[in-house]
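Coordinates from start_19.txt are shown below (compact mmCIF, C-alpha atoms).
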# COMPACT_ATOMS: atom_id res chain seq x y z
CA MET A 1 40.29 3.04 14.53
CA ASN A 2 38.00 3.97 17.40
CA ILE A 3 34.88 6.06 17.11
CA ILE A 4 32.99 6.53 20.34
CA ILE A 5 29.68 8.36 20.26
CA SER A 6 27.51 9.65 23.04
CA ASN A 7 23.75 9.82 22.80
CA GLN A 8 23.59 12.10 25.82
CA SER A 9 25.95 14.72 24.47
CA ASP A 10 24.54 18.01 23.23
CA LYS A 11 26.78 17.72 20.21
CA PRO A 12 24.94 16.14 17.25
CA ILE A 13 26.17 12.64 16.45
CA TYR A 14 27.34 13.54 12.94
CA GLU A 15 29.54 16.23 14.50
CA GLN A 16 30.99 13.78 17.02
CA ILE A 17 31.99 11.57 14.09
CA THR A 18 33.55 14.37 12.02
CA ASP A 19 35.49 15.70 15.03
CA GLN A 20 36.88 12.27 15.87
CA MET A 21 37.78 11.44 12.28
CA LYS A 22 39.51 14.79 11.81
CA ASN A 23 41.58 14.04 14.88
CA LEU A 24 42.43 10.57 13.62
CA ILE A 25 43.60 12.07 10.33
CA ILE A 26 45.58 14.91 11.93
CA ASN A 27 47.22 12.50 14.38
CA GLY A 28 48.14 10.25 11.51
CA GLU A 29 46.16 7.32 12.90
CA LEU A 30 44.29 7.28 9.63
CA SER A 31 46.87 7.53 6.93
CA GLU A 32 46.83 9.06 3.51
CA SER A 33 44.67 7.26 0.93
CA GLU A 34 43.38 4.81 3.52
CA LEU A 35 39.93 3.40 2.69
CA LEU A 36 37.32 4.40 5.26
CA PRO A 37 34.36 2.23 6.29
CA SER A 38 31.34 2.76 4.04
CA ILE A 39 28.61 5.04 5.37
CA ARG A 40 26.27 2.06 5.60
CA ASN A 41 28.77 -0.11 7.41
CA LEU A 42 29.62 2.65 9.87
CA ALA A 43 25.89 3.24 10.54
CA LYS A 44 25.34 -0.46 11.15
CA GLU A 45 28.30 -0.84 13.48
CA LEU A 46 27.44 2.23 15.55
CA GLN A 47 23.69 1.44 15.34
CA ILE A 48 22.85 4.91 14.10
CA SER A 49 21.03 6.12 11.02
CA VAL A 50 22.58 6.14 7.55
CA ILE A 51 21.64 9.80 7.19
CA THR A 52 23.84 10.62 10.18
CA THR A 53 26.96 8.91 8.82
CA LYS A 54 26.26 10.29 5.36
CA ARG A 55 26.14 13.83 6.72
CA ALA A 56 29.39 13.25 8.65
CA TYR A 57 31.19 12.11 5.48
CA GLU A 58 29.77 15.01 3.49
CA GLU A 59 31.14 17.47 6.02
CA LEU A 60 34.53 15.73 6.04
CA GLU A 61 34.63 15.90 2.27
CA ARG A 62 33.60 19.57 2.27
CA ASP A 63 36.38 20.37 4.74
CA GLY A 64 38.92 18.58 2.56
CA TYR A 65 39.72 15.63 4.83
CA ILE A 66 38.36 12.84 2.66
CA VAL A 67 37.37 12.17 -0.93
CA SER A 68 34.43 10.01 -1.93
CA ILE A 69 34.52 8.17 -5.21
CA PRO A 70 31.09 6.90 -6.29
CA GLY A 71 31.01 3.11 -6.38
CA LYS A 72 34.40 2.80 -4.68
CA GLY A 73 34.20 4.42 -1.30
CA SER A 74 35.71 7.20 0.74
CA TYR A 75 39.43 7.70 1.22
CA VAL A 76 41.58 9.88 3.42
CA LYS A 77 42.59 12.75 1.17
CA PRO A 78 46.30 13.25 0.71
CA GLN A 79 46.75 16.24 2.98
CA ASN A 80 48.65 19.33 2.18
CA LYS A 81 51.80 18.62 4.21
CA GLU A 82 52.23 22.24 5.30
CA LEU A 83 48.63 22.53 6.45
CA LEU A 84 48.78 19.24 8.27
CA LYS A 85 51.96 20.30 10.00
CA GLU A 86 50.35 23.58 10.99
CA ALA A 87 47.39 21.69 12.40
CA ARG A 88 49.74 19.50 14.43
CA ILE A 89 51.69 22.50 15.68
CA ARG A 90 48.39 24.01 16.77
CA ILE A 91 47.74 20.91 18.88
CA VAL A 92 51.15 21.35 20.53
CA GLU A 93 50.44 25.03 21.15
CA ASP A 94 47.07 24.24 22.70
CA LYS A 95 48.59 21.71 25.08
CA MET A 96 51.38 24.07 26.00
CA ALA A 97 48.90 26.86 26.68
CA GLU A 98 47.11 24.47 28.99
CA ALA A 99 50.36 23.69 30.82
CA ILE A 100 51.22 27.38 31.07
CA SER A 101 47.91 28.34 32.60
CA ALA A 102 48.25 25.46 35.08
CA ALA A 103 51.76 26.74 35.91
CA LYS A 104 50.53 30.29 36.37
CA THR A 105 47.88 29.26 38.88
CA ILE A 106 50.70 28.12 41.16
CA ASN A 107 52.92 31.10 40.30
CA MET A 108 55.56 29.06 38.53
CA SER A 109 58.13 31.17 36.71
CA LEU A 110 58.99 30.89 33.03
CA GLU A 111 62.47 29.63 33.95
CA GLU A 112 61.09 26.85 36.12
CA LEU A 113 58.68 25.87 33.37
CA GLN A 114 61.44 25.79 30.77
CA GLN A 115 63.49 23.59 33.06
CA ILE A 116 60.67 21.08 33.36
CA LEU A 117 60.15 21.20 29.63
CA ARG A 118 63.83 20.50 28.98
CA LEU A 119 63.85 17.56 31.38
CA LEU A 120 60.69 16.05 29.93
CA TYR A 121 61.82 16.63 26.36
CA GLU A 122 64.91 14.52 26.95
CA GLU A 123 62.98 11.84 28.82
CA VAL A 124 60.08 11.17 26.42
CA MET B 1 16.54 10.34 -5.60
CA GLU B 2 14.36 7.38 -6.41
CA SER B 3 11.24 6.83 -4.33
CA ILE B 4 10.57 3.26 -3.37
CA LEU B 5 7.27 4.23 -1.75
CA GLU B 6 5.15 7.21 -2.69
CA ILE B 7 1.76 8.01 -1.22
CA LYS B 8 -0.23 11.04 -2.34
CA GLY B 9 -3.58 12.30 -1.09
CA LEU B 10 -4.56 8.93 0.34
CA LYS B 11 -8.08 8.89 1.78
CA LYS B 12 -10.16 6.27 3.47
CA SER B 13 -13.28 6.84 5.56
CA PHE B 14 -14.87 4.64 8.14
CA LYS B 15 -17.82 5.38 10.38
CA ASP B 16 -15.73 6.70 13.23
CA PHE B 17 -12.35 7.40 11.65
CA SER B 18 -10.86 8.66 8.43
CA LEU B 19 -7.49 9.03 6.75
CA LYS B 20 -7.60 12.60 5.55
CA GLY B 21 -5.52 12.64 2.39
CA ILE B 22 -2.04 11.72 3.57
CA ASP B 23 1.30 12.03 1.74
CA ILE B 24 4.38 9.90 2.48
CA THR B 25 7.56 9.50 0.44
CA LEU B 26 10.40 7.09 1.18
CA GLU B 27 13.61 6.89 -0.83
CA LYS B 28 15.45 3.64 -1.31
CA GLY B 29 18.37 2.96 1.01
CA TYR B 30 16.66 4.28 4.13
CA ILE B 31 14.56 3.32 7.12
CA MET B 32 11.38 5.24 7.92
CA GLY B 33 9.62 4.92 11.24
CA PHE B 34 5.88 5.47 11.13
CA ILE B 35 4.75 6.53 14.57
CA GLY B 36 1.56 7.62 16.23
CA PRO B 37 -0.77 6.64 19.05
CA ASN B 38 -3.11 3.67 18.79
CA GLY B 39 -5.94 4.36 16.37
CA ALA B 40 -4.07 7.14 14.55
CA GLY B 41 -4.22 5.37 11.18
CA LYS B 42 -0.95 3.44 10.99
CA THR B 43 -2.43 0.02 10.29
CA THR B 44 -5.04 1.46 7.90
CA THR B 45 -2.26 3.10 5.89
CA ILE B 46 -0.25 -0.11 5.75
CA LYS B 47 -3.30 -2.17 4.76
CA LEU B 48 -3.96 0.29 1.94
CA ILE B 49 -0.35 0.00 0.74
CA MET B 50 -0.74 -3.79 0.72
CA ASN B 51 -4.13 -3.42 -1.03
CA LEU B 52 -5.82 -5.35 1.74
CA MET B 53 -8.62 -2.76 1.68
CA LYS B 54 -9.89 -0.37 -0.95
CA LYS B 55 -8.87 3.26 -0.80
CA ASP B 56 -11.41 6.06 -1.33
CA ALA B 57 -8.99 8.35 -3.11
CA GLY B 58 -5.30 9.01 -3.70
CA VAL B 59 -2.31 7.33 -5.27
CA ILE B 60 0.06 4.70 -3.86
CA LYS B 61 3.14 3.84 -5.86
CA VAL B 62 5.61 1.16 -4.86
CA PHE B 63 8.82 0.89 -6.92
CA GLY B 64 7.20 3.54 -9.11
CA LEU B 65 4.24 1.26 -9.91
CA ASP B 66 0.60 1.65 -8.93
CA ASN B 67 0.00 -0.74 -6.06
CA VAL B 68 -3.41 -1.91 -7.29
CA LYS B 69 -2.77 -2.12 -11.02
CA TYR B 70 0.51 -3.96 -10.54
CA GLU B 71 -0.41 -5.68 -7.29
CA LEU B 72 1.20 -9.03 -8.02
CA ASP B 73 4.47 -7.62 -9.35
CA VAL B 74 4.72 -5.20 -6.48
CA LYS B 75 3.98 -7.76 -3.79
CA GLN B 76 6.68 -10.11 -5.06
CA LYS B 77 9.18 -7.49 -4.02
CA ILE B 78 7.65 -6.51 -0.67
CA GLY B 79 8.51 -8.31 2.53
CA PHE B 80 5.57 -7.90 4.85
CA VAL B 81 5.46 -8.46 8.60
CA TYR B 82 2.09 -8.14 10.36
CA ASP B 83 1.62 -7.36 14.01
CA GLU B 84 -0.43 -10.48 14.42
CA ASN B 85 0.37 -13.96 13.35
CA ASN B 86 -1.61 -14.87 10.24
CA TYR B 87 -0.30 -18.33 9.57
CA TYR B 88 -2.03 -21.66 10.07
CA GLU B 89 -1.52 -22.38 13.73
CA GLU B 90 -1.63 -26.16 13.33
CA LEU B 91 1.24 -26.33 10.82
CA THR B 92 4.90 -26.57 11.68
CA ILE B 93 7.37 -23.93 10.53
CA SER B 94 8.67 -26.08 7.70
CA GLU B 95 5.16 -27.00 6.49
CA MET B 96 4.08 -23.36 6.52
CA LYS B 97 7.24 -22.36 4.72
CA ARG B 98 6.47 -24.75 1.86
CA ILE B 99 3.08 -23.09 1.34
CA VAL B 100 4.39 -19.53 1.51
CA ALA B 101 7.39 -20.29 -0.70
CA SER B 102 5.10 -21.35 -3.53
CA PHE B 103 3.65 -17.80 -3.72
CA TYR B 104 6.96 -16.25 -4.64
CA LYS B 105 8.80 -16.51 -7.95
CA THR B 106 12.06 -15.55 -6.33
CA TRP B 107 11.88 -17.67 -3.19
CA ASP B 108 15.38 -18.33 -1.86
CA ASP B 109 15.47 -21.43 0.31
CA SER B 110 19.10 -20.97 1.32
CA ALA B 111 18.33 -17.46 2.60
CA PHE B 112 15.38 -18.86 4.57
CA ASN B 113 17.52 -21.58 6.11
CA LYS B 114 20.18 -19.04 6.98
CA TYR B 115 17.65 -16.91 8.88
CA ILE B 116 16.08 -19.94 10.57
CA GLY B 117 19.55 -20.79 11.81
CA GLU B 118 20.34 -17.24 12.87
CA PHE B 119 17.01 -16.84 14.66
CA ARG B 120 17.32 -20.33 16.19
CA LEU B 121 13.80 -21.28 15.05
CA PRO B 122 12.68 -24.91 15.54
CA LEU B 123 11.53 -26.12 12.10
CA LYS B 124 9.43 -28.97 13.49
CA LYS B 125 7.51 -26.94 16.03
CA LYS B 126 3.89 -26.01 15.39
CA ILE B 127 3.25 -22.32 14.92
CA LYS B 128 0.77 -22.22 17.80
CA ASP B 129 3.54 -23.39 20.14
CA LEU B 130 5.93 -20.59 19.22
CA SER B 131 6.49 -17.64 21.51
CA LYS B 132 5.51 -14.18 20.30
CA GLY B 133 9.11 -13.34 19.55
CA MET B 134 9.58 -16.54 17.56
CA LYS B 135 6.42 -15.87 15.54
CA MET B 136 7.72 -12.43 14.64
CA LYS B 137 11.08 -13.90 13.68
CA PHE B 138 9.36 -16.51 11.52
CA SER B 139 7.39 -13.75 9.72
CA LEU B 140 10.61 -11.84 9.32
CA ALA B 141 12.46 -14.88 7.95
CA VAL B 142 9.69 -15.28 5.34
CA ALA B 143 9.72 -11.57 4.54
CA LEU B 144 13.48 -11.65 3.98
CA SER B 145 13.63 -14.84 1.91
CA HIS B 146 12.23 -13.76 -1.44
CA ASN B 147 14.64 -10.96 -2.34
CA ALA B 148 12.25 -8.22 -1.30
CA ASP B 149 13.44 -4.67 -1.85
CA LEU B 150 10.94 -3.05 0.48
CA LEU B 151 10.25 -4.33 3.96
CA ILE B 152 6.94 -3.17 5.42
CA MET B 153 6.26 -3.98 9.04
CA ASP B 154 3.21 -3.21 11.13
CA GLU B 155 4.11 -2.95 14.82
CA PRO B 156 6.71 -5.71 14.62
CA THR B 157 8.07 -5.01 18.08
CA SER B 158 4.91 -4.70 20.15
CA GLY B 159 4.86 -7.33 22.87
CA LEU B 160 8.49 -8.32 22.34
CA ASP B 161 11.20 -8.19 24.96
CA PRO B 162 14.09 -5.71 24.66
CA LEU B 163 16.54 -8.39 23.56
CA VAL B 164 14.48 -9.45 20.56
CA ARG B 165 13.72 -5.83 19.70
CA ARG B 166 17.42 -5.04 19.65
CA GLU B 167 18.06 -8.07 17.44
CA LEU B 168 15.44 -6.81 15.02
CA LEU B 169 17.11 -3.40 14.81
CA GLU B 170 20.41 -5.07 13.98
CA ILE B 171 18.73 -7.07 11.23
CA LEU B 172 17.20 -3.90 9.80
CA SER B 173 20.55 -2.13 9.61
CA GLN B 174 21.92 -5.27 7.99
CA ILE B 175 19.19 -5.09 5.33
CA ILE B 176 19.94 -1.53 4.29
CA GLN B 177 23.60 -2.33 3.78
CA ASP B 178 22.14 -2.82 0.30
CA GLU B 179 21.31 0.72 -0.77
CA ASN B 180 18.55 -0.49 -3.09
CA LYS B 181 16.44 -1.68 -0.19
CA ALA B 182 14.27 0.24 2.23
CA VAL B 183 12.28 -0.35 5.40
CA PHE B 184 8.94 1.18 6.36
CA PHE B 185 7.97 0.30 9.87
CA SER B 186 5.12 1.36 12.12
CA THR B 187 5.44 1.37 15.86
CA HIS B 188 4.23 3.11 18.94
CA ILE B 189 7.41 2.06 20.76
CA THR B 190 9.37 5.09 19.63
CA SER B 191 12.60 4.12 21.39
CA ASP B 192 13.08 1.46 18.69
CA LEU B 193 13.48 4.24 16.15
CA GLU B 194 15.66 6.51 18.23
CA LYS B 195 18.76 4.73 17.00
CA ILE B 196 18.59 3.59 13.43
CA ALA B 197 15.64 5.33 11.72
CA ASP B 198 16.59 7.80 9.01
CA TYR B 199 13.15 9.38 8.74
CA VAL B 200 10.25 9.73 11.12
CA THR B 201 6.66 10.21 10.05
CA LEU B 202 4.13 11.03 12.75
CA ILE B 203 0.45 10.38 12.14
CA ASN B 204 -2.34 11.46 14.43
CA ASP B 205 -6.08 11.19 13.91
CA GLY B 206 -5.69 10.32 10.23
CA GLU B 207 -3.37 13.20 9.41
CA ILE B 208 0.40 13.39 8.92
CA VAL B 209 1.62 15.76 11.61
CA LEU B 210 5.26 15.72 10.53
CA SER B 211 7.57 13.74 8.29
CA LEU B 212 11.27 14.56 8.34
CA GLU B 213 14.80 13.39 9.02
CA LYS B 214 15.10 12.01 12.52
CA ASP B 215 18.38 13.89 13.02
CA GLU B 216 16.61 17.16 12.30
CA LEU B 217 14.09 16.39 15.03
CA ILE B 218 16.67 15.36 17.59
CA ASN B 219 19.17 18.11 16.81
CA ASN B 220 16.85 21.09 16.28
CA TYR B 221 13.83 20.48 18.46
CA GLY B 222 14.16 21.07 22.17
CA LEU B 223 12.38 20.16 25.36
CA VAL B 224 12.27 23.34 27.39
CA ARG B 225 11.68 23.78 31.12
CA GLY B 226 11.44 26.96 33.10
CA GLY B 227 9.54 29.09 35.58
CA LYS B 228 5.94 29.96 34.92
CA GLU B 229 6.54 33.71 35.02
CA LEU B 230 8.26 33.36 31.64
CA LEU B 231 5.00 32.28 30.06
CA ASN B 232 3.42 35.72 30.49
CA ASN B 233 5.36 37.30 27.67
CA VAL B 234 5.71 34.22 25.51
CA ASN B 235 4.78 34.18 21.90
CA SER B 236 2.87 30.92 22.13
CA LYS B 237 3.53 30.23 18.46
CA ASP B 238 7.12 29.38 19.42
CA PHE B 239 5.90 26.49 21.53
CA ILE B 240 4.32 23.42 20.03
CA ASP B 241 2.55 22.71 23.28
CA ILE B 242 3.02 23.80 26.87
CA ARG B 243 2.44 21.71 29.98
CA GLU B 244 2.19 23.68 33.17
CA ASN B 245 2.50 22.33 36.66
CA GLN B 246 2.54 23.97 40.07
CA PHE B 247 6.24 24.70 39.93
CA GLY B 248 6.97 25.53 36.33
CA PHE B 249 6.36 24.56 32.73
CA GLU B 250 7.63 22.16 30.13
CA ALA B 251 7.26 22.77 26.40
CA LEU B 252 8.42 21.48 23.05
CA VAL B 253 10.04 23.93 20.63
CA LYS B 254 11.01 23.53 17.00
CA ASP B 255 14.18 25.59 17.04
CA LYS B 256 16.06 25.25 20.29
CA ASN B 257 18.79 27.70 19.27
CA GLN B 258 16.25 30.46 18.78
CA THR B 259 14.68 29.66 22.15
CA ARG B 260 18.12 29.66 23.75
CA LYS B 261 18.77 33.13 22.35
CA ALA B 262 15.43 34.46 23.58
CA TYR B 263 15.58 33.09 27.12
CA LYS B 264 19.31 32.63 27.74
CA ASP B 265 19.92 30.77 30.99
CA LYS B 266 16.43 31.30 32.41
CA ILE B 267 15.47 27.96 30.94
CA ILE B 268 16.80 24.43 30.62
CA ILE B 269 16.83 22.88 27.15
CA GLU B 270 17.25 19.18 26.50
CA LYS B 271 17.18 16.96 23.45
CA PRO B 272 13.64 15.58 23.10
CA SER B 273 13.04 11.88 22.67
CA LEU B 274 10.76 10.80 19.84
CA GLU B 275 8.25 9.94 22.52
CA ASP B 276 8.31 13.55 23.76
CA VAL B 277 7.71 14.78 20.23
CA MET B 278 4.86 12.34 19.70
CA LEU B 279 3.20 13.18 23.01
CA TYR B 280 3.41 16.94 22.55
CA TYR B 281 2.03 16.88 19.02
CA THR B 282 -0.70 14.41 19.86
CA ARG B 283 -1.80 16.31 22.91
CA ARG B 284 -1.89 19.57 21.02
CA CYS B 285 -4.29 18.06 18.53
CA ARG B 286 -6.52 16.85 21.32
CA ASN B 287 -6.56 20.25 22.99
CA VAL B 288 -7.66 22.08 19.87

So, in terms of structure tokens, how does the structure I just supplied come out?
Amino acid sequence: MNIIISNQSDKPIYEQITDQMKNLIINGELSESELLPSIRNLAKELQISVITTKRAYEELERDGYIVSIPGKGSYVKPQNKELLKEARIRIVEDKMAEAISAAKTINMSLEELQQILRLLYEEV
Amino acid sequence: MESILEIKGLKKSFKDFSLKGIDITLEKGYIMGFIGPNGAGKTTTIKLIMNLMKKDAGVIKVFGLDNVKYELDVKQKIGFVYDENNYYEELTISEMKRIVASFYKTWDDSAFNKYIGEFRLPLKKKIKDLSKGMKMKFSLAVALSHNADLLIMDEPTSGLDPLVRRELLEILSQIIQDENKAVFFSTHITSDLEKIADYVTLINDGEIVLSLEKDELINNYGLVRGGKELLNNVNSKDFIDIRENQFGFEALVKDKNQTRKAYKDKIIIEKPSLEDVMLYYTRRCRNV
């Protein structure tokens, strides 16, 4: 599991952590019921304050991504399969939208785009 | 939450300086940085916590106990690092250790040896022959070797090179892996706190100027720059202090989102460093 934070970014550090963890959960890199690092361990490793990691975990818990059990630790919450799938579909849609707007800037037609998609789909 | 350190209305007057009734609270499990310019009252406050001088008024509780009434009990559980070496210069590290160890009921020799190893301290060297960084590490090894729950440090990093300072920060985050411990640490080198401090307390001229979560400072406060014409219709209460130069102004604001809304893209807003915050607040007090 990688968590990379930037001190220069305008985004608060706790938000950088929640965003990255959400992605790891949605992508399935962190799997259901997996034990997460403790807030104190995460703070030590990233050399940031405990309050920052605590806030990140609180937000993740509030948004339903993890559960924290006092004395035991925080776990990836078993996700609602439908919701998780929807979230993943949204990622696909976003990437496709990106590809479409790139295609439109060079006046590529829908047919051409579909052809590329078909080719790539079979390749990957 | 349980306070490990609680200071209320603490006063102490000298001829030319006084602590004007300060309040500080630190919960266990966290690191508080105590910042302020030289002569602001940091060392006086710490000496009063350690009962090394008599307070004029106020209450200091450590682990919920009065620091004077229960001085011996309280001090057993405090690890204390001074800014200056206060050991016998002619003794070697291992001789000095034997003396210090006898003061503590809960002295842990194996912990001490572990830190001596980690810090690569030469046991047979005389204290006067140690470098400044080594002396600090020796003090720290002592402070960490009697199962202290509260670590109090007065300017531990002044005069140390960046490498040793970084090592110290790593040790501090190691200490609070145990959520029953806490660290209270004064410094005027604010960059040491930028990373790991949970709370920041700023003292200036014997008064607490602010005491809050470091994240709140870094995420909400803003360092603003813009053209001087903007200053004409500024509500100066929005700005903590303004510095003008020939070509524009720089100011510190408490709520950068509000400032952003008011001035849109006529200004540049950056995250302030703790040093910025300290300088702006300190200067404001001097200007008044």

Enumerate as a PDB file with C-alpha atoms, in the frame of the given file the residues belonging to chain A that approach chain B to within 12 Å, with only C-alpha atoms taken into account.
ATOM      1  CA  ILE A   5      29.680   8.360  20.260  1.00  0.00           C
ATOM      2  CA  SER A   6      27.510   9.650  23.040  1.00  0.00           C
ATOM      3  CA  ASN A   7      23.750   9.820  22.800  1.00  0.00           C
ATOM      4  CA  GLN A   8      23.590  12.100  25.820  1.00  0.00           C
ATOM      5  CA  SER A   9      25.950  14.720  24.470  1.00  0.00           C
ATOM      6  CA  ASP A  10      24.540  18.010  23.230  1.00  0.00           C
ATOM      7  CA  LYS A  11      26.780  17.720  20.210  1.00  0.00           C
ATOM      8  CA  PRO A  12      24.940  16.140  17.250  1.00  0.00           C
ATOM      9  CA  ILE A  13      26.170  12.640  16.450  1.00  0.00           C
ATOM     10  CA  TYR A  14      27.340  13.540  12.940  1.00  0.00           C
ATOM     11  CA  GLU A  15      29.540  16.230  14.500  1.00  0.00           C
ATOM     12  CA  PRO A  37      34.360   2.230   6.290  1.00  0.00           C
ATOM     13  CA  SER A  38      31.340   2.760   4.040  1.00  0.00           C
ATOM     14  CA  ILE A  39      28.610   5.040   5.370  1.00  0.00           C
ATOM     15  CA  ARG A  40      26.270   2.060   5.600  1.00  0.00           C
ATOM     16  CA  ASN A  41      28.770  -0.110   7.410  1.00  0.00           C
ATOM     17  CA  LEU A  42      29.620   2.650   9.870  1.00  0.00           C
ATOM     18  CA  ALA A  43      25.890   3.240  10.540  1.00  0.00           C
ATOM     19  CA  LYS A  44      25.340  -0.460  11.150  1.00  0.00           C
ATOM     20  CA  GLU A  45      28.300  -0.840  13.480  1.00  0.00           C
ATOM     21  CA  LEU A  46      27.440   2.230  15.550  1.00  0.00           C
ATOM     22  CA  GLN A  47      23.690   1.440  15.340  1.00  0.00           C
ATOM     23  CA  ILE A  48      22.850   4.910  14.100  1.00  0.00           C
ATOM     24  CA  SER A  49      21.030   6.120  11.020  1.00  0.00           C
ATOM     25  CA  VAL A  50      22.580   6.140   7.550  1.00  0.00           C
ATOM     26  CA  ILE A  51      21.640   9.800   7.190  1.00  0.00           C
ATOM     27  CA  THR A  52      23.840  10.620  10.180  1.00  0.00           C
ATOM     28  CA  THR A  53      26.960   8.910   8.820  1.00  0.00           C
ATOM     29  CA  LYS A  54      26.260  10.290   5.360  1.00  0.00           C
ATOM     30  CA  ARG A  55      26.140  13.830   6.720  1.00  0.00           C
ATOM     31  CA  ALA A  56      29.390  13.250   8.650  1.00  0.00           C
ATOM     32  CA  GLY A  71      31.010   3.110  -6.380  1.00  0.00           C
TER      33      GLY A  71
END

Contacts of stretch 9-12 of chain B at 12 Å or less, counting all atoms listed in the file, minus same-chain residues fewer than 6 places along, as a ChimeraX atom specification? /B:18-25,41,44-49,53-61,206-208

Residues within 9 Å of B:Ile35, all atoms listed in the file, excluding chain neighbours under 4 positions, as a count of residues only: 14

List every protein, DNA or RNA residue that has an atom no more than 8 Å from (7.4, -0.3, -6.9) in the file's coordinate frame, counting all atoms listed in the file, and report them as a VMD selection string. chain B and resid 4 to 5 61 to 67 74 77

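Rounded to one decimal, atom CA of B:Asp241 and atom CA of B:Ser211 lie 18.2 Å from each other.
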
Will you model N, CA and C atoms for stretch 91-109 of chain A and pass it back as an mmCIF file, in the coordinates of the input?
data_model
loop_
_atom_site.group_PDB
_atom_site.id
_atom_site.type_symbol
_atom_site.label_atom_id
_atom_site.label_comp_id
_atom_site.auth_asym_id
_atom_site.auth_seq_id
_atom_site.Cartn_x
_atom_site.Cartn_y
_atom_site.Cartn_z
ATOM 1 N N ILE A 91 48.047 21.814 17.761
ATOM 2 C CA ILE A 91 47.740 20.910 18.880
ATOM 3 C C ILE A 91 48.789 21.082 19.981
ATOM 4 N N VAL A 92 50.075 21.163 19.557
ATOM 5 C CA VAL A 92 51.150 21.350 20.530
ATOM 6 C C VAL A 92 50.961 22.662 21.280
ATOM 7 N N GLU A 93 50.639 23.717 20.536
ATOM 8 C CA GLU A 93 50.440 25.030 21.150
ATOM 9 C C GLU A 93 49.307 24.989 22.183
ATOM 10 N N ASP A 94 48.218 24.322 21.788
ATOM 11 C CA ASP A 94 47.070 24.240 22.700
ATOM 12 C C ASP A 94 47.463 23.563 24.007
ATOM 13 N N LYS A 95 48.215 22.457 23.875
ATOM 14 C CA LYS A 95 48.590 21.710 25.080
ATOM 15 C C LYS A 95 49.552 22.514 25.930
ATOM 16 N N MET A 96 50.433 23.241 25.256
ATOM 17 C CA MET A 96 51.380 24.070 26.000
ATOM 18 C C MET A 96 50.636 25.173 26.736
ATOM 19 N N ALA A 97 49.667 25.789 26.055
ATOM 20 C CA ALA A 97 48.900 26.860 26.680
ATOM 21 C C ALA A 97 48.218 26.335 27.948
ATOM 22 N N GLU A 98 47.751 25.107 27.847
ATOM 23 C CA GLU A 98 47.110 24.470 28.990
ATOM 24 C C GLU A 98 48.108 24.346 30.147
ATOM 25 N N ALA A 99 49.321 23.873 29.800
ATOM 26 C CA ALA A 99 50.360 23.690 30.820
ATOM 27 C C ALA A 99 50.748 25.034 31.431
ATOM 28 N N ILE A 100 50.824 26.056 30.564
ATOM 29 C CA ILE A 100 51.220 27.380 31.070
ATOM 30 C C ILE A 100 50.184 27.918 32.049
ATOM 31 N N SER A 101 48.897 27.770 31.681
ATOM 32 C CA SER A 101 47.910 28.340 32.600
ATOM 33 C C SER A 101 47.876 27.559 33.914
ATOM 34 N N ALA A 102 48.159 26.241 33.833
ATOM 35 C CA ALA A 102 48.250 25.460 35.080
ATOM 36 C C ALA A 102 49.436 25.955 35.911
ATOM 37 N N ALA A 103 50.561 26.256 35.222
ATOM 38 C CA ALA A 103 51.760 26.740 35.910
ATOM 39 C C ALA A 103 51.500 28.081 36.571
ATOM 40 N N LYS A 104 50.780 28.955 35.836
ATOM 41 C CA LYS A 104 50.530 30.290 36.370
ATOM 42 C C LYS A 104 49.662 30.264 37.627
ATOM 43 N N THR A 105 48.742 29.313 37.701
ATOM 44 C CA THR A 105 47.880 29.260 38.880
ATOM 45 C C THR A 105 48.690 28.967 40.142
ATOM 46 N N ILE A 106 49.866 28.338 39.975
ATOM 47 C CA ILE A 106 50.700 28.120 41.160
ATOM 48 C C ILE A 106 51.954 29.008 41.129
ATOM 49 N N ASN A 107 51.844 30.100 40.367
ATOM 50 C CA ASN A 107 52.920 31.100 40.300
ATOM 51 C C ASN A 107 54.282 30.549 39.912
ATOM 52 N N MET A 108 54.288 29.611 38.993
ATOM 53 C CA MET A 108 55.560 29.060 38.530
ATOM 54 C C MET A 108 56.184 30.030 37.539
ATOM 55 N N SER A 109 57.491 30.217 37.615
ATOM 56 C CA SER A 109 58.130 31.170 36.710
ATOM 57 C C SER A 109 58.417 30.522 35.360
#
